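Structure data follow from model_5.txt (compact mmCIF, C-alpha atoms):
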# COMPACT_ATOMS: atom_id res chain seq x y z
CA MET W 849 29.14 -3.77 -11.25
CA VAL W 850 30.79 -2.73 -14.54
CA THR W 851 27.59 -3.47 -16.44
CA ARG W 852 25.59 -1.39 -13.97
CA PHE W 853 28.10 1.48 -14.30
CA PHE W 854 27.81 1.62 -18.10
CA ARG W 855 24.04 1.22 -17.88
CA ARG W 856 23.93 4.24 -15.57
CA LEU W 857 26.06 6.27 -18.00
CA ARG W 858 23.75 5.41 -20.87
CA ARG W 859 20.40 5.82 -19.10
CA GLY W 860 21.14 8.40 -16.42
CA ALA W 861 20.16 8.21 -12.76
CA PRO W 862 17.35 5.78 -11.89
CA ILE W 863 13.87 7.08 -11.17
CA VAL W 864 12.83 6.35 -7.58
CA VAL W 865 9.26 5.03 -7.74
CA VAL W 866 7.16 4.69 -4.60
CA SER W 867 4.36 2.22 -5.27
CA GLY W 868 1.78 -0.06 -3.71
CA LEU W 869 -1.97 -0.37 -3.38
CA PRO W 870 -4.00 2.73 -2.55
CA ARG W 871 -3.84 3.42 1.21
CA SER W 872 -0.78 1.21 1.68
CA GLY W 873 1.57 3.89 3.05
CA THR W 874 2.94 5.33 -0.19
CA SER W 875 2.46 8.93 0.95
CA MET W 876 4.36 8.17 4.15
CA ALA W 877 7.19 6.64 2.11
CA MET W 878 7.34 9.74 -0.08
CA LYS W 879 7.54 11.96 2.99
CA MET W 880 10.36 9.78 4.35
CA LEU W 881 12.30 10.16 1.13
CA GLU W 882 11.74 13.90 1.15
CA ALA W 883 12.98 14.10 4.75
CA GLY W 884 15.99 12.00 3.82
CA GLY W 885 17.03 14.38 1.05
CA VAL W 886 15.57 12.86 -2.12
CA PRO W 887 14.03 15.44 -4.51
CA ILE W 888 10.28 14.81 -4.75
CA VAL W 889 8.09 15.04 -7.87
CA THR W 890 4.69 16.42 -6.90
CA ASP W 891 2.43 19.18 -8.14
CA GLY W 892 0.50 19.82 -4.92
CA ILE W 893 -2.85 19.76 -6.73
CA ARG W 894 -4.29 17.23 -4.30
CA THR W 895 -3.87 18.81 -0.89
CA ALA W 896 -3.81 17.29 2.58
CA ASP W 897 -7.15 16.36 4.14
CA GLU W 898 -8.61 14.30 6.97
CA SER W 899 -7.69 11.04 5.26
CA ASN W 900 -4.09 12.10 4.56
CA PRO W 901 -3.26 14.94 6.98
CA LYS W 902 0.39 15.03 5.90
CA GLY W 903 -0.29 15.21 2.17
CA TYR W 904 -0.68 12.89 -0.81
CA TYR W 905 2.52 13.66 -2.76
CA GLU W 906 0.79 13.03 -6.07
CA PHE W 907 1.70 14.12 -9.59
CA GLU W 908 -1.21 14.39 -12.01
CA ARG W 909 0.72 13.28 -15.09
CA VAL W 910 1.22 9.88 -13.48
CA LYS W 911 -2.52 9.26 -13.78
CA GLU W 912 -2.25 9.48 -17.57
CA LEU W 913 0.27 6.64 -17.94
CA ASP W 914 -2.43 4.19 -19.04
CA LYS W 915 -4.18 6.71 -21.29
CA ASN W 916 -1.45 7.97 -23.62
CA ARG W 917 2.07 7.17 -24.71
CA ASP W 918 3.62 10.50 -23.76
CA THR W 919 6.16 9.40 -21.18
CA ALA W 920 8.93 11.84 -22.13
CA TRP W 921 8.30 13.69 -18.86
CA LEU W 922 9.74 10.71 -17.01
CA GLY W 923 13.18 11.79 -18.16
CA GLU W 924 12.86 14.84 -15.90
CA THR W 925 12.23 12.62 -12.87
CA ARG W 926 15.55 10.75 -12.99
CA GLY W 927 17.25 11.01 -9.62
CA LYS W 928 13.95 12.02 -8.01
CA ALA W 929 11.09 10.20 -6.28
CA VAL W 930 7.61 9.95 -7.79
CA LYS W 931 4.56 8.10 -6.48
CA ILE W 932 3.00 5.68 -8.97
CA ILE W 933 0.17 3.41 -7.87
CA SER W 934 0.83 -0.29 -8.43
CA PHE W 935 -1.89 -0.55 -11.10
CA LEU W 936 0.14 1.79 -13.33
CA LEU W 937 3.58 0.23 -12.95
CA THR W 938 3.17 -1.95 -16.03
CA TYR W 939 2.85 1.16 -18.21
CA LEU W 940 6.35 2.40 -17.40
CA PRO W 941 8.68 2.18 -20.42
CA ASP W 942 11.88 0.15 -20.11
CA THR W 943 13.91 3.04 -21.52
CA TYR W 944 14.62 4.19 -17.96
CA ASP W 945 15.89 2.44 -14.85
CA TYR W 946 13.71 2.41 -11.75
CA HIS W 947 14.37 1.86 -8.06
CA VAL W 948 10.96 0.80 -6.78
CA VAL W 949 10.05 1.19 -3.12
CA PHE W 950 7.01 -1.06 -2.86
CA MET W 951 4.78 -0.60 0.18
CA ASN W 952 2.92 -3.67 1.46
CA ARG W 953 0.02 -3.47 3.88
CA ASP W 954 -2.47 -6.03 5.13
CA VAL W 955 -5.33 -6.03 2.63
CA ASP W 956 -7.97 -5.85 5.37
CA GLU W 957 -6.31 -2.67 6.64
CA VAL W 958 -6.16 -1.28 3.10
CA LEU W 959 -9.88 -1.92 2.58
CA ALA W 960 -10.80 -0.44 5.96
CA SER W 961 -8.77 2.68 5.19
CA GLN W 962 -10.34 3.01 1.74
CA ASN W 963 -13.84 2.66 3.22
CA LYS W 964 -13.05 5.32 5.83
CA MET W 965 -11.86 7.66 3.09
CA LEU W 966 -15.09 7.16 1.15
CA ALA W 967 -17.10 7.84 4.29
CA ALA W 968 -15.14 11.05 4.91
CA ARG W 969 -16.13 12.16 1.41
CA GLY W 970 -19.78 11.38 2.08
CA GLU W 971 -19.72 8.36 -0.23
CA ALA W 972 -21.21 5.04 0.79
CA ALA W 973 -18.73 2.17 0.98
CA ASP W 974 -20.05 -1.24 -0.07
CA THR W 975 -18.34 -3.51 2.46
CA ALA W 976 -20.10 -6.48 0.84
CA ASP W 977 -17.54 -6.16 -1.95
CA ASP W 978 -14.59 -6.48 0.42
CA ALA W 979 -14.24 -10.24 -0.12
CA LYS W 980 -14.14 -9.73 -3.87
CA MET W 981 -11.61 -6.92 -3.55
CA ARG W 982 -9.34 -9.09 -1.38
CA GLU W 983 -9.19 -11.58 -4.23
CA VAL W 984 -8.67 -8.87 -6.86
CA TYR W 985 -5.89 -7.21 -4.88
CA GLY W 986 -4.22 -10.55 -4.16
CA LYS W 987 -4.08 -11.51 -7.83
CA HIS W 988 -2.96 -8.01 -8.79
CA LEU W 989 -0.04 -8.04 -6.33
CA GLU W 990 1.09 -11.43 -7.63
CA LYS W 991 0.99 -10.11 -11.19
CA VAL W 992 2.91 -6.95 -10.32
CA GLY W 993 5.51 -8.96 -8.41
CA ARG W 994 6.13 -11.18 -11.43
CA PHE W 995 6.33 -8.11 -13.67
CA LEU W 996 8.92 -6.36 -11.51
CA ARG W 997 11.06 -9.49 -11.23
CA SER W 998 11.01 -10.10 -14.99
CA ARG W 999 12.21 -6.66 -16.10
CA PRO W 1000 15.90 -5.73 -15.69
CA CYS W 1001 15.03 -2.03 -15.56
CA PHE W 1002 13.40 -2.53 -12.13
CA THR W 1003 15.20 -2.96 -8.82
CA THR W 1004 12.76 -3.36 -5.95
CA LEU W 1005 12.76 -2.92 -2.17
CA GLN W 1006 9.73 -4.35 -0.39
CA LEU W 1007 8.65 -2.50 2.76
CA ARG W 1008 5.86 -3.52 5.11
CA TYR W 1009 3.73 -0.66 6.39
CA ARG W 1010 3.50 -2.15 9.88
CA ASP W 1011 7.28 -2.62 10.08
CA VAL W 1012 7.86 1.02 9.15
CA ILE W 1013 5.46 2.15 11.88
CA ASP W 1014 6.73 -0.28 14.52
CA ASN W 1015 10.47 0.00 13.77
CA PRO W 1016 11.03 3.15 11.71
CA ALA W 1017 14.78 3.41 12.37
CA ALA W 1018 15.52 -0.07 11.01
CA GLU W 1019 13.30 0.39 7.96
CA ALA W 1020 14.77 3.84 7.28
CA ARG W 1021 18.22 2.24 7.29
CA ARG W 1022 17.05 -0.37 4.77
CA LEU W 1023 15.64 2.37 2.57
CA ASN W 1024 18.85 4.34 2.81
CA GLU W 1025 20.99 1.35 1.86
CA PHE W 1026 18.72 0.57 -1.09
CA LEU W 1027 19.17 4.08 -2.47
CA GLY W 1028 22.92 4.32 -2.05
CA GLY W 1029 23.49 5.14 1.61
CA ARG W 1030 23.53 8.94 1.46
CA LEU W 1031 20.17 9.80 3.00
CA ASN W 1032 19.43 11.25 6.43
CA VAL W 1033 18.21 8.16 8.29
CA GLU W 1034 17.32 10.04 11.47
CA ARG W 1035 15.00 12.42 9.66
CA MET W 1036 13.43 9.60 7.67
CA SER W 1037 12.70 7.54 10.76
CA ALA W 1038 11.07 10.54 12.45
CA VAL W 1039 8.41 10.68 9.72
CA ALA W 1040 6.64 7.44 10.65
CA ASP W 1041 3.74 8.50 12.86
CA ARG W 1042 2.14 5.77 14.95
CA GLU W 1043 -0.88 8.03 15.58
CA LEU W 1044 -1.76 7.81 11.89
CA TYR W 1045 -1.91 4.00 12.01
CA ARG W 1046 -5.67 4.19 12.51
CA ASN W 1047 -6.78 0.95 10.86
CA ARG W 1048 -4.47 -1.56 12.52
CA LYS W 1049 -5.71 -5.11 12.09
CA GLY W 1050 -6.47 -6.78 15.41
CA ARG W 1051 -6.75 -3.51 17.33
CA GLY W 1052 -10.19 -2.18 16.63
CA LEU W 1053 -9.80 -2.26 12.88
CA GLY W 1054 -11.84 0.45 11.28
CA THR W 1055 -12.98 2.08 14.52
CA ARG W 1056 -10.70 5.10 14.31
CA GLU W 1057 -9.99 7.56 11.54
Write-out of the structure in C-alpha cells:
Amino acid sequence: MVTRFFRRLRRGAPIVVVSGLPRSGTSMAMKMLEAGGVPIVTDGIRTADESNPKGYYEFERVKELDKNRDTAWLGETRGKAVKIISFLLTYLPDTYDYHVVFMNRDVDEVLASQNKMLAARGEAADTADDAKMREVYGKHLEKVGRFLRSRPCFTTLQLRYRDVIDNPAAEARRLNEFLGGRLNVERMSAVADRELYRNRKGRGLGTRE
C-alpha cells in the first residue's frame, strides 16, 4: 500500500484503458464508465452508425501508437478513460500506470459482428477466413495476457461481454470496485442494452444486426 501511494505521487493518477478485440464490447464499457462519472477521452470523429448506434468512443491519436513514439499526449489522459484496442496495448510506455478494463467476448460472436459490420459498409466478408482468425485471435489474446501480467504498470480487470449483458448490476459493481468505489453503479448498469446483443452464440448467431 505504501509503495502504491508513493508510486501514485510520482506518476500521477492511472490512465483507465478500455481494451479488447474489435467488436468485443469496448464501446459499451466506455459508455458505462462515462455514465459512472469517469471523464472520457474521445474526439467524436467516428460517429455512431448502424453497427454501433450508441457511439464508438474512439480517439484518433490512439491509432498512431504503433506508428510513432510521440506518447506525451498520454499524460493528459491520466485519471480519464481511453479506448485502446488490444493490438496496441504493447506500445504503451511504462512511464505511466494503467488500470485496464479488458473486455472478453466469444470469438465466434466477435467474428460474426465484424462480418456484419463489413456487410453494412457494403464490403464482402470472407467467412472462409474465420477459422484462421480464430487461431490468430486466440494466440493474440494469450500474448496480451502474458504482457499485462508481466508489467507492473498494468492492473487489469477482466470482464466478459455476456456477463455484462446478462448481469449488468453485478459487473458494474466489479468495475466500480476496481476503479476505487466512487462511481455511480446504478447508471453504469443501466447502460448495458440486451437489445444490442445481436450476435449471441447459440441463439441465431449472425442472423440479426
**Fill in**
Lys915 in chain W proximity check over W:Met1036, W:Leu936, W:Ile863, W:Leu869, using only C-alpha atoms: winner is W:Leu936
**Asked** Which neighbours of Phe907 in chain W fall inside 8 Å, counting only C-alpha atoms, when residues of the same chain fewer than 4 positions from it are skipped, and could you give them as a list in words?
**Response** Val889, Thr890, Asp891, Gly892, Ile893, Lys911, Val930 and Lys931 of chain W
Pull C-alpha atoms from the residues just selected and write them as a PDB file, in the coordinates of the input.
ATOM      1  CA  VAL W 889       8.090  15.040  -7.870  1.00  0.00           C
ATOM      2  CA  THR W 890       4.690  16.420  -6.900  1.00  0.00           C
ATOM      3  CA  ASP W 891       2.430  19.180  -8.140  1.00  0.00           C
ATOM      4  CA  GLY W 892       0.500  19.820  -4.920  1.00  0.00           C
ATOM      5  CA  ILE W 893      -2.850  19.760  -6.730  1.00  0.00           C
ATOM      6  CA  LYS W 911      -2.520   9.260 -13.780  1.00  0.00           C
ATOM      7  CA  VAL W 930       7.610   9.950  -7.790  1.00  0.00           C
ATOM      8  CA  LYS W 931       4.560   8.100  -6.480  1.00  0.00           C
TER       9      LYS W 931
END
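With CA of Arg1030 in chain W on one side and CA of Arg926 in chain W on the other, the separation reads 16.6 Å.
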**Request:** Pick out the closest residue to Val992 in chain W from this set: W:Ser934, W:Asn1024, W:Ser867, W:Thr925. Count only C-alpha atoms.
**Result:** W:Ser934
**Message:** Give me, as JSON, numbers by chain, all polymer residues having an atom no more than 10 Å from Asp914 in chain W, counting only C-alpha atoms and skipping those fewer than 5 positions away in the same chain.
**Reply:** {"W": [935, 936, 937, 938, 939, 940]}
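You can rank W:Gly1028, W:Gly993, W:Pro901, W:Gly927 by their closest distance to Met876 in chain W using all atoms listed in the file, and at the top of that list sits W:Pro901.
Nearest-residue note for Leu959 in chain W: choosing from W:Leu913, W:Asp945, W:Asn1015, W:Ala979, the minimum distance belongs to W:Ala979, counting all atoms listed in the file.
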Go ahead and fit an axis-aligned box to every listed atom of range 1021-1032 of chain W plus 4 Å each side, and pass me the centre and edge lengths in Å, one decimal, as lines of an AutoDock Vina configuration file.
center_x = 19.6
center_y = 5.4
center_z = 2.4
size_x = 15.9
size_y = 19.6
size_z = 17.8
Name the residues within 12 Å of (15.2, -2.4, 7.8), counting all atoms listed in the file in the file's coordinates, and put them as a PDB file with C-alpha atoms, keeping the file's coordinate frame.
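Saved file part-v2.pdb follows:
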ATOM      1  CA  LEU W1005      12.760  -2.920  -2.170  1.00  0.00           C
ATOM      2  CA  GLN W1006       9.730  -4.350  -0.390  1.00  0.00           C
ATOM      3  CA  LEU W1007       8.650  -2.500   2.760  1.00  0.00           C
ATOM      4  CA  ARG W1008       5.860  -3.520   5.110  1.00  0.00           C
ATOM      5  CA  TYR W1009       3.730  -0.660   6.390  1.00  0.00           C
ATOM      6  CA  ARG W1010       3.500  -2.150   9.880  1.00  0.00           C
ATOM      7  CA  ASP W1011       7.280  -2.620  10.080  1.00  0.00           C
ATOM      8  CA  VAL W1012       7.860   1.020   9.150  1.00  0.00           C
ATOM      9  CA  ILE W1013       5.460   2.150  11.880  1.00  0.00           C
ATOM     10  CA  ASP W1014       6.730  -0.280  14.520  1.00  0.00           C
ATOM     11  CA  ASN W1015      10.470   0.000  13.770  1.00  0.00           C
ATOM     12  CA  PRO W1016      11.030   3.150  11.710  1.00  0.00           C
ATOM     13  CA  ALA W1017      14.780   3.410  12.370  1.00  0.00           C
ATOM     14  CA  ALA W1018      15.520  -0.070  11.010  1.00  0.00           C
ATOM     15  CA  GLU W1019      13.300   0.390   7.960  1.00  0.00           C
ATOM     16  CA  ALA W1020      14.770   3.840   7.280  1.00  0.00           C
ATOM     17  CA  ARG W1021      18.220   2.240   7.290  1.00  0.00           C
ATOM     18  CA  ARG W1022      17.050  -0.370   4.770  1.00  0.00           C
ATOM     19  CA  LEU W1023      15.640   2.370   2.570  1.00  0.00           C
ATOM     20  CA  ASN W1024      18.850   4.340   2.810  1.00  0.00           C
ATOM     21  CA  GLU W1025      20.990   1.350   1.860  1.00  0.00           C
ATOM     22  CA  PHE W1026      18.720   0.570  -1.090  1.00  0.00           C
ATOM     23  CA  VAL W1033      18.210   8.160   8.290  1.00  0.00           C
ATOM     24  CA  SER W1037      12.700   7.540  10.760  1.00  0.00           C
TER      25      SER W1037
END
**Asked** Which residues come within 9 Å of His947 in chain W, counting only C-alpha atoms, excluding same-chain residues fewer than 5 positions away, as a VMD selection string?
**Response** chain W and resid 862 to 866 1001 to 1005 1026 to 1027
**Fill in**
Min atom-atom distance to Pro1000 in chain W from the set W:Arg1042, W:Leu1031, W:Asp942, W:Met965, counting all atoms listed in the file, belongs to W:Asp942
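What separates CA of Val910 in chain W from CA of Met878 in chain W is a distance of 14.7 Å.
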**Prompt:** Given the choices W:Tyr904, W:Thr895, W:Thr874, W:Ala861, which gets closest to Ala1040 in chain W if the distance is worked out from only C-alpha atoms?
**Reply:** W:Thr874
**Request:** Take CA of Ser961 in chain W and CA of Arg994 in chain W and report the distance between them in Å, one decimal.
**Result:** 26.3 Å
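Near (2.0, -7.8, -0.9), the residues that fall inside 10 Å on the basis of only C-alpha atoms are Gly868, Leu869, Ser872, Phe950, Met951, Asn952, Arg953, Asp954, Val955, Tyr985, Gly986, Lys987, His988, Leu989, Glu990, Val992, Gly993, Gln1006, Leu1007 and Arg1008 of chain W.
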